[in-house]
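Worksheet: the structure to be examined is printed underneath.
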Amino acid sequence: MAKAVYIHIPFCRHICSYCDFCKFIYNEKWLAVYLDTLKQEITDRYLDDEIATIYIGGGTPSILNKKELNYLFDIIKIFKTTTDLEFTFECNIEDINIELLDILKKNKVNRLSIGIESFNPKNLKILNRQVTFKEALEKIALCRQKGFNNINGDLIYAIPGESIKDLKQDINLFKKLKLEHISAYSLMILEHTKLKVLDTTPIDEETDYLMFKTIEKKLNKYHHYEISNYALNGYESHHNLTYWLNEEYYGFGLGAAGYILDVRYENTKNLKKYLLKEYIDNEQIVKGKEKMDYELMLGLRLKEGINLDKFHKKYGLDIKKAYDLTNVLKNKDLIIKNGYIFINPGKIYVMNEILLKFL
Amino acid sequence: MDKQIRNFSIIAHIDHGKSTLADRFLELTHAVEAREMKEQLLDNMDLERERGITIKLNAVELNYHYLNTDYILNLIDTPGHVDFSYEVSRSLAACEGAILVVDATEGIEAQTLANLYLALENDLTIIPVINKIDLPNADIAKVKEELKKTLGFKEEEILLCSAKTGEGVEDILKAVIERIPAPKINKNVSLRALIFDSYFDSYRGVILLVKVVDGKIKIGDKIKGMAKENVFEVVELGTHKPKITKKNILESGEVGYIAAAIKDIESVSVGDTITTIDNAATIALSGYRPMKPMVFSGLFPTEPNKYEELKEALNKLKLNDAALTIEMETSAALGFGFRVGFLGLLHMDVIINRIAREFNLDIIATSPSVIYEITLTDNSTIYIDSPHKMPDKVKIKEIKEPYIYTNIIAPATYIGPIMELCQNKRGIYQNTDYIDKERVNIHYEIPLSEIVYDFYDKLKSSTKGYASFDYEISNYRVSDLVKMDILLNGEIVDALSVIVYKDFAYSKGRAIVNKLKELIPRQMFQIPIQASVGSKVIARENISAMRKNVLAKCYGGDVSRKRKLLEKQKEGKKRMKMVGNVEVPQEAFLAILSEE
């Protein structure tokens, strides 16, 4: 049974230089048809499970106007939800206003995820984004006023030309926002992005690593529970934990990915096909060894690691029987302690290298 | 009356149009109908057609009617590249004449000369032909002048053609008949047939390509190669037209193939003379310049369990390529593999490519080595083809290495850069010939080991591609050479050892270490790379420990993206070789080749 839902809103006012996710420039006409189709997709594919987390992401869901938002939340009423539902909505600072917050509040949204990324004008120019600290402070105060007490802010670091000092300044400002949750992503220059087209040189590995360490150190009041995620105790994202714990979830909307009844699927990124209700682009059955591979690949992103008992219960065998971990344990790449197996915290930033030794 | 026979070759520099001309001959003589023509029919290996070079030679029988007489024209194709000059000399040994093709836009090039000299050594009649006269930038007068001045041809000897359009091609066939002497025919003596090539056919075994010089051979004859004792019975005879045409008998003057259920290519070697057991000839035909592998490299399977497959692949290739030598080799770093001898770098490249392509095997090739002649302190002499066969320094009296004699043909304006390059490669200047007012042929003696590295590329870049280059082995000279070892993480990697000129050791050591630093990816620990001579470290670099290998973000639960990334990295690892605890990519073992 899946208890998480991701919904993708693939429309933006402007395109960020690093984003390779599925998005289009906002267009009222398209949005109306899109929401119609989204409703249809959910009706067609939702299996009536009780949902504990909903995440509306994008794109930029916050650019929807009042009418569109009301329609979207109307659609969401299809889901049966638990009483302690975690309901996240992604916002851009510029879109936050009383009207939006009222609608979100009214519709049980209780977690906001705000794309800030940086306050450094040099960085923002490269990312093709705009925000000032003053504006962020005011908007977040407004959110607080409206009763939102679980707010995430996205931070991007390792931007070409950024220094450790620049990053420290950004973190200091982020800390002043008193967010419950911070996602800190190292910039990746991906195919089909403006940065890639411009042939942008990524920052060197050493600086990237030092920045990772700097963030870890400066955010020591937060629980660094996943490679890129920091939370005050009790504010870890339940929705994202679904992914890391290799549990099933729905993905609805253009380009969304989901994992239902042992099938991992990706929706089409072709808007025309999507509107013709050809939702799925590809799907793959994930069972047995492959499912275990996912369990490790995802679970080891968590600082806490993988619970050995749970693993045994889920797969009917011991993790050490399933994989040859002799060398990685000997080298202290992986550590077993208190019923958990986890990556040596000093080596978590080379996690893929470690996974490749035994997957 | 017997049919008249002419045996001839076409010799040319690469791309001067030899294969196209051969194709026109096939069409003109109706050996192949135009609709059956694949471009460049004689190049029948994929690699040959792709690279526009002929590697293995072929012999084709053409029938041509001229002045009320039927002629059989045996066209024996020759490879153009220097690495295969032994094959040129083989095919020339079966001919009485050769067509020398020169590109009307380029003039005489290094391989034109090298092949011409081989032909002259064989006392062949040469027909000079200027090809590509249809091209707008053809300079017929100038090329004629070169042929007259440099090679001593007379104006009236020189023919003009365009193999592409067919213009003038018929005149060449007529000249072949008129100018090239018919082979001497001695039918009523003991059989002597020169084996000028062989190939392996899975059904019929080794097929010998021969020119019958004396006597005749027929089906059922018991034959042997005069250098060996094995006896075989002839089961099939014939000629290639180019399709196989079976015959009952091959007679003096004819060129054709023999199948005699020969299983092992070594039991009848190319260059040997075939005779019959009854009425055997006593004196073998003089062969031709024998082939000798000059460049040796260790070939190892990337995955150790593929050793048997590599062995099988090499043995199969050897069936068609007697020039390959194969010997088992063990490397501490790379495991079991083979020391393989090649005629030159192109030959090596072709073989490595064929192993990958035809046998689907991932292999690592170690840095090529030449054969060194070492005089030990007890005055005995040994030959080594690999750095790790180098004896201890205290046991060595002197080391000699092979030198080559160059033909470097280029516009005179590039004399400076060429001489500088040769000088940097320890070349010893010999002299410069002027081909015409603008072009020169520069002769140097240069250690072969220096050519094996990046000489071709450097020559090309320093002359903007205008220079052509060919060489012959000249002699062995004493050199001050040392063995340089490369250490990864403190351990000597035997497969990376190399023999270098002592004065170059520092710069080469530095270059190799830098190159390896570039090629070996960061790993979870710091890796020192050192170059050492004896126990002295002469260059050192560190590969810093890997700092980051993680996917920072998984968008909207799209975790399959992460999985794909991991799969890709895993694929990458497959192309790496574990050397001690260091993962080394295949290219690193050839790092020594490029110094940049």
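Ordering of the structure tokens sets the chain letters (A, B, ...), residue numbers begin anew at 1 in every chain, and ligands are numbered from 1 in the order given.
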
For range 175-189 of chain B, find every residue with an atom within 7 Å (counting only C-alpha atoms), except residues of its own chain fewer than 3 positions away, and show them as a ChimeraX atom specification.
/B:5-6,96-97,125,171-172,214-216,251-253

Could you please take those selected residues and save N, CA and C atoms as a CSV table (one decimal), in the first residue's frame?
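Writing the result to out_13.csv gives the following:
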```
chain,number,residue,atom,x,y,z
B,5,ILE,N,50.6,-14.9,-70.4
B,5,ILE,CA,50.4,-14.5,-69.0
B,5,ILE,C,51.2,-13.2,-68.7
B,6,ARG,N,50.7,-12.4,-67.9
B,6,ARG,CA,51.4,-11.3,-67.3
B,6,ARG,C,51.1,-11.2,-65.8
B,96,GLU,N,56.4,-9.9,-62.6
B,96,GLU,CA,57.5,-9.4,-63.5
B,96,GLU,C,57.4,-7.9,-63.7
B,97,GLY,N,56.3,-7.3,-63.3
B,97,GLY,CA,56.2,-5.9,-63.5
B,97,GLY,C,55.3,-5.2,-62.5
B,125,THR,N,59.8,-4.6,-64.1
B,125,THR,CA,59.5,-3.6,-65.1
B,125,THR,C,58.5,-2.6,-64.5
B,171,ASP,N,44.6,2.0,-71.6
B,171,ASP,CA,46.0,2.2,-72.1
B,171,ASP,C,47.0,1.5,-71.1
B,172,ILE,N,46.6,1.5,-69.8
B,172,ILE,CA,47.5,0.9,-68.8
B,172,ILE,C,47.5,-0.6,-69.0
B,214,ASP,N,58.2,-23.1,-62.0
B,214,ASP,CA,58.6,-24.2,-62.9
B,214,ASP,C,57.6,-25.3,-62.7
B,215,GLY,N,57.5,-26.1,-63.8
B,215,GLY,CA,56.7,-27.3,-63.8
B,215,GLY,C,55.3,-27.1,-63.6
B,216,LYS,N,54.6,-28.1,-63.1
B,216,LYS,CA,53.1,-28.0,-62.9
B,216,LYS,C,52.7,-28.7,-61.7
B,251,GLU,N,50.0,-24.4,-64.1
B,251,GLU,CA,51.3,-24.6,-64.8
B,251,GLU,C,52.2,-23.4,-64.6
B,252,SER,N,53.4,-23.7,-65.0
B,252,SER,CA,54.5,-22.6,-65.0
B,252,SER,C,54.0,-21.3,-65.5
B,253,GLY,N,54.2,-20.2,-64.7
B,253,GLY,CA,53.8,-18.9,-65.2
B,253,GLY,C,52.4,-18.5,-64.6
```

Test item: residues at most 12 Å from range 215-223 of chain A, only C-alpha atoms, excluding those fewer than 2 positions along its chain, as an MDAnalysis selection string
chainID A and resid 155:158 164:176 178:186 208:213 225:237 302:304 345:346 348:349

Which residues are near range 23-28 of chain A? Cut-off 8 Å, only C-alpha atoms, ignore same chain within fewer than 4 positions. Put them as a ChimeraX atom specification.
/A:9-15,32,58-59,63

Could you give me, as a tab-separated table, a per-residue list for chain A showing, wherever an atom lies at most 9 Å from an atom of chain B, the closest pair of atoms and their distance in Å to one decimal, using only C-alpha atoms and sorting by chain then residue number from low to high?
```
residue	atom	partner	partner_atom	distance
A:Tyr6	CA	B:Gly556	CA	7.0
A:Ile7	CA	B:Gly556	CA	8.6
A:His8	CA	B:Gly556	CA	8.0
A:Phe21	CA	B:Tyr555	CA	7.7
A:Tyr55	CA	B:Gly556	CA	8.7
A:Gly57	CA	B:Gly556	CA	7.3
A:Gly58	CA	B:Gly556	CA	8.3
A:Ala184	CA	B:Ala552	CA	8.5
A:Tyr185	CA	B:Ala552	CA	5.6
A:Ser186	CA	B:Ala552	CA	5.8
A:Leu187	CA	B:Ala552	CA	7.8
A:Met188	CA	B:Ala552	CA	7.7
A:Glu205	CA	B:Arg547	CA	6.1
A:Glu206	CA	B:Arg547	CA	6.3
A:Asp208	CA	B:Lys548	CA	7.6
A:Tyr209	CA	B:Arg547	CA	5.8
A:Leu210	CA	B:Arg547	CA	8.9
A:Ile227	CA	B:Ala552	CA	7.3
A:Ser228	CA	B:Ala552	CA	6.3
A:Asn240	CA	B:Gly557	CA	7.7
A:Thr242	CA	B:Gly557	CA	9.0
A:Tyr243	CA	B:Gly557	CA	6.2
A:Tyr249	CA	B:Gly557	CA	8.5
A:Gly251	CA	B:Gly557	CA	8.0
A:Ala256	CA	B:Gly556	CA	6.9
A:Ala257	CA	B:Asp558	CA	5.3
A:Gly258	CA	B:Gly557	CA	7.0
A:Tyr259	CA	B:Gly557	CA	8.9
A:Arg264	CA	B:Ser560	CA	7.9
A:Tyr265	CA	B:Ser560	CA	8.8
A:Glu266	CA	B:Asp558	CA	7.8
A:Tyr294	CA	B:Arg563	CA	7.7
A:Met297	CA	B:Arg563	CA	7.8
A:Leu298	CA	B:Val559	CA	8.1
A:Lys347	CA	B:Arg547	CA	8.5
A:Ile348	CA	B:Val550	CA	8.2
A:Tyr349	CA	B:Lys548	CA	5.1
A:Val350	CA	B:Asn549	CA	4.4
A:Met351	CA	B:Val550	CA	5.7
A:Asn352	CA	B:Val550	CA	5.4
A:Glu353	CA	B:Asn549	CA	6.3
A:Ile354	CA	B:Met524	CA	8.8
A:Leu355	CA	B:Leu566	CA	8.4
A:Leu356	CA	B:Lys570	CA	6.4
```

So that I can check the surroundings of Pro368 in chain B, please list as an MDAnalysis selection string every protein, DNA and RNA residue that reaches within 8 Å of it, counting only C-alpha atoms and ignoring chain neighbours fewer than 4 positions away.
chainID B and resid 295:298 452

With C-alpha atoms kept, could you save the residues just selected as a compact mmCIF listing (two decimals), in the first residue's frame?
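This went into part_16.txt:
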```
# COMPACT_ATOMS: atom_id res chain seq x y z
CA VAL B 295 57.15 -3.84 -32.35
CA PHE B 296 56.05 -5.86 -29.35
CA SER B 297 53.25 -5.25 -26.94
CA GLY B 298 51.63 -7.15 -24.11
CA VAL B 452 56.97 3.99 -32.00
```

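Interatomic distance, CA of Leu245 in chain A to CA of Glu191 in chain A: 28.0 Å.
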
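Here CA of Gly305 in chain A stands at a distance of 15.7 Å from CA of His238 in chain A.
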
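Of note, CA of Lys194 in chain A and CA of Leu254 in chain A are spaced 20.9 Å apart.
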
Enumerate as JSON, numbers by chain all residues of range 225-262 of chain A assigned to strand (DSSP E or B) by DSSP on the backbone, naming them with the chain letters and numbers the document uses.
{"A": [225, 226, 229, 230, 231, 249, 250, 251, 252, 257, 258, 259, 260]}

Which residues come within 12 Å of Asn360 in chain B, counting only C-alpha atoms, excluding same-chain residues fewer than 2 positions away, as a short mmCIF file (atom, residue, chain, number, x, y, z; two decimals) with N, CA and C atoms, in the first residue's frame?
```
data_model
loop_
_atom_site.label_atom_id
_atom_site.label_comp_id
_atom_site.auth_asym_id
_atom_site.auth_seq_id
_atom_site.Cartn_x
_atom_site.Cartn_y
_atom_site.Cartn_z
N PRO B 301 43.60 -9.61 -21.39
CA PRO B 301 42.16 -9.40 -21.31
C PRO B 301 41.84 -8.51 -20.11
N THR B 302 40.86 -7.63 -20.25
CA THR B 302 40.48 -6.78 -19.12
C THR B 302 39.94 -7.63 -17.99
N LYS B 306 38.85 -14.06 -19.34
CA LYS B 306 38.75 -14.04 -20.80
C LYS B 306 40.07 -14.45 -21.48
N GLU B 309 39.70 -16.93 -24.27
CA GLU B 309 39.07 -16.30 -25.44
C GLU B 309 40.08 -15.47 -26.22
N LEU B 310 40.93 -14.78 -25.50
CA LEU B 310 41.95 -13.97 -26.17
C LEU B 310 42.93 -14.87 -26.92
N ALA B 313 41.30 -15.99 -30.03
CA ALA B 313 41.23 -14.88 -30.99
C ALA B 313 42.57 -14.68 -31.68
N ILE B 352 44.61 -4.99 -32.74
CA ILE B 352 43.87 -4.68 -31.51
C ILE B 352 42.41 -4.35 -31.85
N ASN B 353 42.24 -3.61 -32.92
CA ASN B 353 40.89 -3.29 -33.37
C ASN B 353 40.10 -4.52 -33.77
N ARG B 354 40.80 -5.43 -34.45
CA ARG B 354 40.09 -6.64 -34.90
C ARG B 354 39.71 -7.51 -33.72
N ILE B 355 40.55 -7.55 -32.69
CA ILE B 355 40.21 -8.35 -31.51
C ILE B 355 38.94 -7.79 -30.87
N ALA B 356 38.88 -6.47 -30.80
CA ALA B 356 37.70 -5.84 -30.18
C ALA B 356 36.47 -6.07 -31.05
N ARG B 357 36.64 -5.92 -32.34
CA ARG B 357 35.51 -5.90 -33.25
C ARG B 357 35.01 -7.29 -33.61
N GLU B 358 35.95 -8.16 -33.96
CA GLU B 358 35.54 -9.47 -34.46
C GLU B 358 35.34 -10.48 -33.34
N ASP B 362 37.45 -7.10 -24.66
CA ASP B 362 38.07 -5.89 -24.13
C ASP B 362 39.50 -6.23 -23.75
N ILE B 363 40.46 -5.55 -24.35
CA ILE B 363 41.83 -5.88 -23.98
C ILE B 363 42.63 -4.64 -23.59
#
```

From the set A:Asn92, A:Thr43, A:Asn70, A:Asn110, which residue has the shortest atom-to-atom contact distance to Arg129 in chain A, counting only C-alpha atoms?
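Of the candidates, the smallest distance to Arg129 in chain A is held by A:Asn92.
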
Excluding Pro411 in chain B and any residue of its chain fewer than 4 positions from it, enumerate the residues within 7 Å of it, using only C-alpha atoms, and give them as a PDB file with C-alpha atoms, in the first residue's frame.
```
ATOM      1  CA  GLU B 438      59.941  22.707 -53.855  1.00  0.00           C
ATOM      2  CA  ARG B 439      60.050  19.246 -52.388  1.00  0.00           C
ATOM      3  CA  VAL B 440      62.708  17.354 -50.526  1.00  0.00           C
TER       4      VAL B 440
END
```

Write out as an MDAnalysis selection string each polymer residue whose atoms come within 7 Å of Asn441 in chain B, counting only C-alpha atoms; drop sequence neighbours fewer than 6 positions from it.
chainID B and resid 407:410 432:435

DSSP-assigned alpha helix (DSSP H) members of range 66-253 of chain B, reported as a ChimeraX atom specification:
/B:85-93,110-121,140-151,169-179
